[in-house]
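Below is one structure; the comments refer to it alone.
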Amino acid sequence: MYPLIRNRRLRASESIRRLVRETTLAPDDFLVPLFVTEGKGIKEEIPSMPNYFRLSLDHLEKEVKELWKMGLCSVLLFVKVDDKLKDNKGTEALNPNGLMQRAIKTVKNACPQMLVMTDVALDPFSSYGHDGIVAEGQILNDETAEVLAEMSVSHAKAGADFVAPSDMMDGRILTIRETLEDEGFINTGIMAYSAKYASALYGPFRDALDSAPVDIANVPKDKKTYQMDYANRYEAIKETQMDIDEGADIVMVKPGLCYLDIVREIKNEVEVPIAVYQVSGEYAMVKAAAEKGWLDHDAVMLEQLTAIKRAGADIIASYFAKDFIRTLG
Ligand SMILES: NCc1[nH]cc(CCC(=O)O)c1CC(=O)O
Ligand SMILES: [Mg+2]
């Protein structure tokens, strides 16, 4: 073959590299996670997530207008709830005038076309910091799924376009889908966290929402009885297939970088859009190394985001969305 074929011809200049590039990123790829907090005039930086903030509703309004102007058209909402409002059953999650419900309305009023996805899980509302109801050292599956379905209806009523269950209870997609249908929300979509691994990379997120599992007797210290074991691969395909059969419109793999083999396998198996969540710990690692001057922030960010898309992500949930837009100049 050589010298007739020289692979380097296709790398010789930026123009030829652009012409033959297989994977490119665009604003349309991004889903922007936002953290909402109670109060007014509040924009507090999350210590373990440099340049990422908890926003009160007035700042949320400004933020979504800015995102829209930048070409970002979808947000994923999370709320930080006061400790006083937490209990074991996520009662506050169903409050029609709760922070999430008001946040949905705020975004839709500020920017009607902005696609609003909402986090559906008990952890921000749980006095134990778990994604489900705790009883005798266990996380109850079916009872939790019922609450998640009610929560989904509450978000749909407030105007959410998609609900995003992030809890990993078995069968909850079916319970949520059926409940939404029964209540007439036939057009509310479901983005299922299908292959969500029990990962140490969620640390900064749990700081952001003050939602880590609490250290008291008879409460599991981690989420390993519901989130997946990171040593496993086949299970991810089974989980994803089940969620699709139960009615998921979009499926998700989470975290990102350490799980791109899973993303590719699922991409080869299923015919629905795949979202990948580049999680808080992945964001924090890049920010910290860049702050120290050990890595080039933008170069590493673009390499990682491109790798996520190359692996098969149709949607990237990432705290880097605005940083990415900045690199477009
Ligand atoms: N339902 C919990 C939830 N939803 C999204 C994240 C993590 C996101 C991130 O780390 O950026 C978590 C944390 C967890 O499972 O403990
Ligand atoms: Mg499942």
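Each chain in the structure tokens gets a letter, A, B and so on, in the order shown; residues start at 1 in every chain, and ligands are counted from 1 in the order they appear.
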Identify all residues of stretch 6-225 of chain A in alpha helix (DSSP H) (DSSP on the backbone) and supply them as JSON, numbers by chain.
{"A": [14, 15, 16, 17, 18, 19, 20, 57, 58, 59, 60, 61, 62, 63, 64, 65, 66, 67, 68, 69, 70, 99, 100, 101, 102, 103, 104, 105, 106, 107, 108, 109, 110, 141, 142, 143, 144, 145, 146, 147, 148, 149, 150, 151, 152, 153, 154, 155, 156, 157, 158, 172, 173, 174, 175, 176, 177, 178, 179, 180, 181, 182, 203, 204, 205, 206, 207, 208, 209]}
Using only C-alpha atoms and all ligand atoms, which protein or nucleic acid residues are at most 7 Å from ligand 1, as a ChimeraX atom specification? /A:119,121-123,131,166-167,201-206,212,278-281
Can I get the selection written as an mmCIF file, in the first residue's frame, with C-alpha atoms?
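See result18.cif below for the written result:
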data_model
loop_
_atom_site.group_PDB
_atom_site.id
_atom_site.type_symbol
_atom_site.label_atom_id
_atom_site.label_comp_id
_atom_site.auth_asym_id
_atom_site.auth_seq_id
_atom_site.Cartn_x
_atom_site.Cartn_y
_atom_site.Cartn_z
ATOM 1 C CA ASP A 119 -35.305 15.930 37.649
ATOM 2 C CA ALA A 121 -36.130 11.636 42.206
ATOM 3 C CA LEU A 122 -36.586 11.946 45.936
ATOM 4 C CA ASP A 123 -33.026 12.760 47.016
ATOM 5 C CA ASP A 131 -33.667 8.609 45.784
ATOM 6 C CA SER A 166 -32.880 9.790 37.842
ATOM 7 C CA ASP A 167 -33.576 7.234 40.570
ATOM 8 C CA LEU A 201 -18.207 11.267 40.461
ATOM 9 C CA TYR A 202 -21.499 12.651 41.825
ATOM 10 C CA GLY A 203 -19.811 14.247 44.850
ATOM 11 C CA PRO A 204 -19.923 17.912 43.744
ATOM 12 C CA PHE A 205 -23.582 17.564 42.705
ATOM 13 C CA ARG A 206 -24.476 16.311 46.171
ATOM 14 C CA ALA A 212 -25.785 13.164 50.070
ATOM 15 C CA GLN A 278 -21.072 14.415 31.866
ATOM 16 C CA VAL A 279 -21.430 14.667 35.618
ATOM 17 C CA SER A 280 -20.296 17.104 38.279
ATOM 18 C CA GLY A 281 -17.120 15.211 39.194
#
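Distances to ligand 2 were evaluated for A:Leu174, A:Ile262, A:Ile16, A:Ala135 using only C-alpha atoms and all ligand atoms, and the minimum falls at A:Leu174.
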Surrounding residues as a short mmCIF file (atom, residue, chain, number, x, y, z; two decimals) with all heavy atoms, in the first residue's frame, ligand 2, max 7 Å, only C-alpha atoms and all ligand atoms:
data_model
loop_
_atom_site.label_atom_id
_atom_site.label_comp_id
_atom_site.auth_asym_id
_atom_site.auth_seq_id
_atom_site.Cartn_x
_atom_site.Cartn_y
_atom_site.Cartn_z
N MET A 168 -33.43 5.13 39.31
CA MET A 168 -33.12 3.71 39.10
C MET A 168 -34.00 2.72 39.87
O MET A 168 -33.60 1.56 40.09
CB MET A 168 -31.63 3.43 39.37
CG MET A 168 -30.70 4.04 38.34
SD MET A 168 -30.92 3.39 36.64
CE MET A 168 -30.02 1.84 36.74
N MET A 169 -35.22 3.11 40.25
CA MET A 169 -36.17 2.10 40.75
C MET A 169 -36.61 1.25 39.56
O MET A 169 -36.76 1.76 38.44
CB MET A 169 -37.41 2.77 41.39
CG MET A 169 -37.12 3.65 42.59
SD MET A 169 -36.33 2.79 43.95
CE MET A 169 -34.80 3.75 44.10
N ASP A 170 -36.86 -0.03 39.79
CA ASP A 170 -37.37 -0.89 38.71
C ASP A 170 -38.81 -0.52 38.38
O ASP A 170 -39.61 -0.25 39.28
CB ASP A 170 -37.34 -2.36 39.14
CG ASP A 170 -35.92 -2.90 39.22
OD1 ASP A 170 -35.09 -2.54 38.36
OD2 ASP A 170 -35.64 -3.69 40.16
N GLY A 171 -39.12 -0.50 37.11
CA GLY A 171 -40.51 -0.35 36.68
C GLY A 171 -41.06 1.06 36.77
O GLY A 171 -42.23 1.29 36.45
N SER A 194 -31.31 5.46 32.39
CA SER A 194 -31.47 4.01 32.25
C SER A 194 -30.27 3.25 32.78
O SER A 194 -30.41 2.30 33.54
CB SER A 194 -31.69 3.65 30.78
OG SER A 194 -32.86 4.29 30.31
N GLU A 239 -31.17 -2.86 31.20
CA GLU A 239 -31.85 -1.71 31.83
C GLU A 239 -32.44 -0.77 30.77
O GLU A 239 -33.56 -0.30 30.90
CB GLU A 239 -30.86 -0.92 32.69
CG GLU A 239 -30.52 -1.55 34.04
CD GLU A 239 -31.59 -1.30 35.08
OE1 GLU A 239 -32.66 -0.73 34.74
OE2 GLU A 239 -31.38 -1.68 36.25
N THR A 240 -31.62 -0.50 29.76
CA THR A 240 -32.02 0.46 28.73
C THR A 240 -33.18 -0.09 27.90
O THR A 240 -34.17 0.61 27.64
CB THR A 240 -30.83 0.79 27.82
OG1 THR A 240 -29.75 1.24 28.65
CG2 THR A 240 -31.17 1.88 26.81
N MET A 242 -35.35 -2.27 28.81
CA MET A 242 -36.56 -2.30 29.64
C MET A 242 -37.21 -0.92 29.70
O MET A 242 -38.43 -0.78 29.59
CB MET A 242 -36.24 -2.80 31.05
CG MET A 242 -36.03 -4.30 31.12
SD MET A 242 -35.54 -4.89 32.77
CE MET A 242 -37.11 -4.78 33.63
N ASP A 243 -36.39 0.12 29.87
CA ASP A 243 -36.95 1.47 29.95
C ASP A 243 -37.64 1.86 28.64
O ASP A 243 -38.69 2.51 28.64
CB ASP A 243 -35.87 2.50 30.31
CG ASP A 243 -35.51 2.46 31.80
OD1 ASP A 243 -36.17 1.69 32.54
OD2 ASP A 243 -34.58 3.17 32.21
#
Closest of A:Ile216, A:Val263, A:Cys258, A:Val75 to A:Ala321, counting only C-alpha atoms, is A:Val75
Closest of A:Ala198, A:Met100, A:Ala110, A:Ile266 to A:His155, counting only C-alpha atoms, is A:Met100
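With only C-alpha atoms as the basis for measurement, A:Gly312 is the residue among A:Glu303, A:Tyr277, A:Val214, A:Gly312 that approaches A:Arg264 most closely.
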**Q.** In stretch 83-180 of chain A, DSSP strand (DSSP E or B) residues written as a PyMOL selection string
**A.** chain A and resi 87+115-120+126+133-135+138-140+162-165
Residues at most 10 Å from stretch 41-48 of chain A, counting only C-alpha atoms, excluding those fewer than 2 positions away in the same chain, as a PyMOL selection string?
chain A and resi 35-39+50-60+203-209+280-281+283-285+287-288
Restricting to only C-alpha atoms, whichever of A:Val163, A:Leu31, A:Leu19, A:Cys73 is closest to A:Ala317 is A:Leu31
Would you kindly return, as a PyMOL selection string, each protein, DNA or RNA residue with an atom no farther than 9 Å from any atom of A:Leu72, considering only C-alpha atoms and excluding same-chain residues fewer than 6 positions away?
-> chain A and resi 27-32+64+66+114+321-322+325
List as a PyMOL selection string the protein and nucleic acid residues near A:Gly98, meaning an atom at most 10 Å away when only C-alpha atoms are counted, but skip any in the same chain fewer than 5 places from it.
chain A and resi 38+79+81+92-93+103+154
Would you write out those residues with all heavy atoms, as a short mmCIF file (atom, residue, chain, number, x, y, z; two decimals), in the first residue's frame?
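The result, written out as out_32.cif:
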data_model
loop_
_atom_site.label_atom_id
_atom_site.label_comp_id
_atom_site.auth_asym_id
_atom_site.auth_seq_id
_atom_site.Cartn_x
_atom_site.Cartn_y
_atom_site.Cartn_z
N GLU A 38 -34.11 28.70 46.73
CA GLU A 38 -35.13 29.63 47.22
C GLU A 38 -34.50 31.01 47.43
O GLU A 38 -33.28 31.12 47.56
CB GLU A 38 -35.66 29.07 48.54
CG GLU A 38 -37.08 29.36 48.90
CD GLU A 38 -38.13 28.96 47.87
OE1 GLU A 38 -38.60 27.81 47.88
OE2 GLU A 38 -38.50 29.85 47.09
N VAL A 79 -33.56 21.20 42.03
CA VAL A 79 -33.80 22.19 43.09
C VAL A 79 -33.09 21.82 44.38
O VAL A 79 -32.96 20.65 44.72
CB VAL A 79 -35.31 22.36 43.39
CG1 VAL A 79 -36.00 23.06 42.24
CG2 VAL A 79 -35.99 21.04 43.70
N VAL A 81 -33.52 22.12 48.19
CA VAL A 81 -34.66 22.30 49.09
C VAL A 81 -34.18 22.48 50.52
O VAL A 81 -33.21 21.85 50.95
CB VAL A 81 -35.58 21.05 48.97
CG1 VAL A 81 -36.65 21.05 50.02
CG2 VAL A 81 -36.18 20.98 47.57
N GLU A 92 -42.75 17.32 49.93
CA GLU A 92 -42.59 18.65 49.33
C GLU A 92 -42.48 18.59 47.80
O GLU A 92 -42.84 19.54 47.11
CB GLU A 92 -41.37 19.36 49.94
CG GLU A 92 -41.02 20.72 49.36
CD GLU A 92 -42.13 21.77 49.52
OE1 GLU A 92 -43.05 21.58 50.35
OE2 GLU A 92 -42.07 22.79 48.79
N ALA A 93 -42.04 17.47 47.30
CA ALA A 93 -41.89 17.31 45.84
C ALA A 93 -43.23 17.44 45.12
O ALA A 93 -43.29 17.76 43.94
CB ALA A 93 -41.25 15.97 45.51
N ALA A 103 -40.10 27.01 39.46
CA ALA A 103 -38.96 27.14 38.53
C ALA A 103 -39.39 26.82 37.09
O ALA A 103 -39.01 27.52 36.15
CB ALA A 103 -37.82 26.21 38.97
N SER A 154 -47.15 16.34 38.64
CA SER A 154 -47.04 17.69 39.19
C SER A 154 -46.14 18.58 38.31
O SER A 154 -46.47 19.75 38.05
CB SER A 154 -46.51 17.60 40.63
OG SER A 154 -46.30 18.88 41.15
#
For A:Ala311, find every residue with an atom within 12 Å (counting only C-alpha atoms), except residues of its own chain fewer than 5 positions away, and show them as a list of chain:residue names. A:Glu22, A:Thr23, A:Val253, A:Gly256, A:Leu257, A:Cys258, A:Tyr259, A:Leu260, A:Asp261, A:Ile262, A:Val263, A:Arg264, A:Glu265, A:Ile266, A:Lys267, A:Asn268, A:Ile274, A:Ala275, A:Val276, A:Gln304, A:Leu305, A:Thr306, A:Ile316
Output of the above residues as a PDB file, in the first residue's frame, restricted to C-alpha atoms:
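Dumped everything to out.pdb:
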ATOM      1  CA  GLU A  22     -16.523  12.819  11.436  1.00  0.00           C
ATOM      2  CA  THR A  23     -17.779  14.342  14.673  1.00  0.00           C
ATOM      3  CA  VAL A 253     -26.070   6.764  30.317  1.00  0.00           C
ATOM      4  CA  GLY A 256     -19.945  10.105  30.770  1.00  0.00           C
ATOM      5  CA  LEU A 257     -16.269   9.609  30.185  1.00  0.00           C
ATOM      6  CA  CYS A 258     -15.752   6.399  32.171  1.00  0.00           C
ATOM      7  CA  TYR A 259     -18.785   4.819  30.463  1.00  0.00           C
ATOM      8  CA  LEU A 260     -18.297   5.548  26.768  1.00  0.00           C
ATOM      9  CA  ASP A 261     -17.978   1.825  26.009  1.00  0.00           C
ATOM     10  CA  ILE A 262     -21.512   1.462  27.384  1.00  0.00           C
ATOM     11  CA  VAL A 263     -22.725   4.401  25.312  1.00  0.00           C
ATOM     12  CA  ARG A 264     -21.437   2.806  22.118  1.00  0.00           C
ATOM     13  CA  GLU A 265     -22.954  -0.577  22.896  1.00  0.00           C
ATOM     14  CA  ILE A 266     -26.326   0.932  23.636  1.00  0.00           C
ATOM     15  CA  LYS A 267     -26.083   3.082  20.505  1.00  0.00           C
ATOM     16  CA  ASN A 268     -25.593  -0.088  18.475  1.00  0.00           C
ATOM     17  CA  ILE A 274     -29.268   8.592  23.804  1.00  0.00           C
ATOM     18  CA  ALA A 275     -28.324  11.240  26.316  1.00  0.00           C
ATOM     19  CA  VAL A 276     -25.014  11.155  28.148  1.00  0.00           C
ATOM     20  CA  GLN A 304     -13.941  15.096  26.166  1.00  0.00           C
ATOM     21  CA  LEU A 305     -17.171  16.482  24.715  1.00  0.00           C
ATOM     22  CA  THR A 306     -16.227  15.267  21.237  1.00  0.00           C
ATOM     23  CA  ILE A 316     -24.969  15.826  26.072  1.00  0.00           C
TER      24      ILE A 316
END
- Task: Considering only C-alpha atoms, state which residue in the set A:Asn97, A:Asn109, A:Asn218, A:Ser74 is at the smallest distance from A:Phe162.
- Result: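 Closest to A:Phe162 of all the choices is A:Ser74.
Non-sequential neighbours of A:Met228 (distance at most 7 Å, separation of 3 or more positions within a chain, only C-alpha atoms) are Lys196, Tyr197, Ala198 and Lys224 of chain A.
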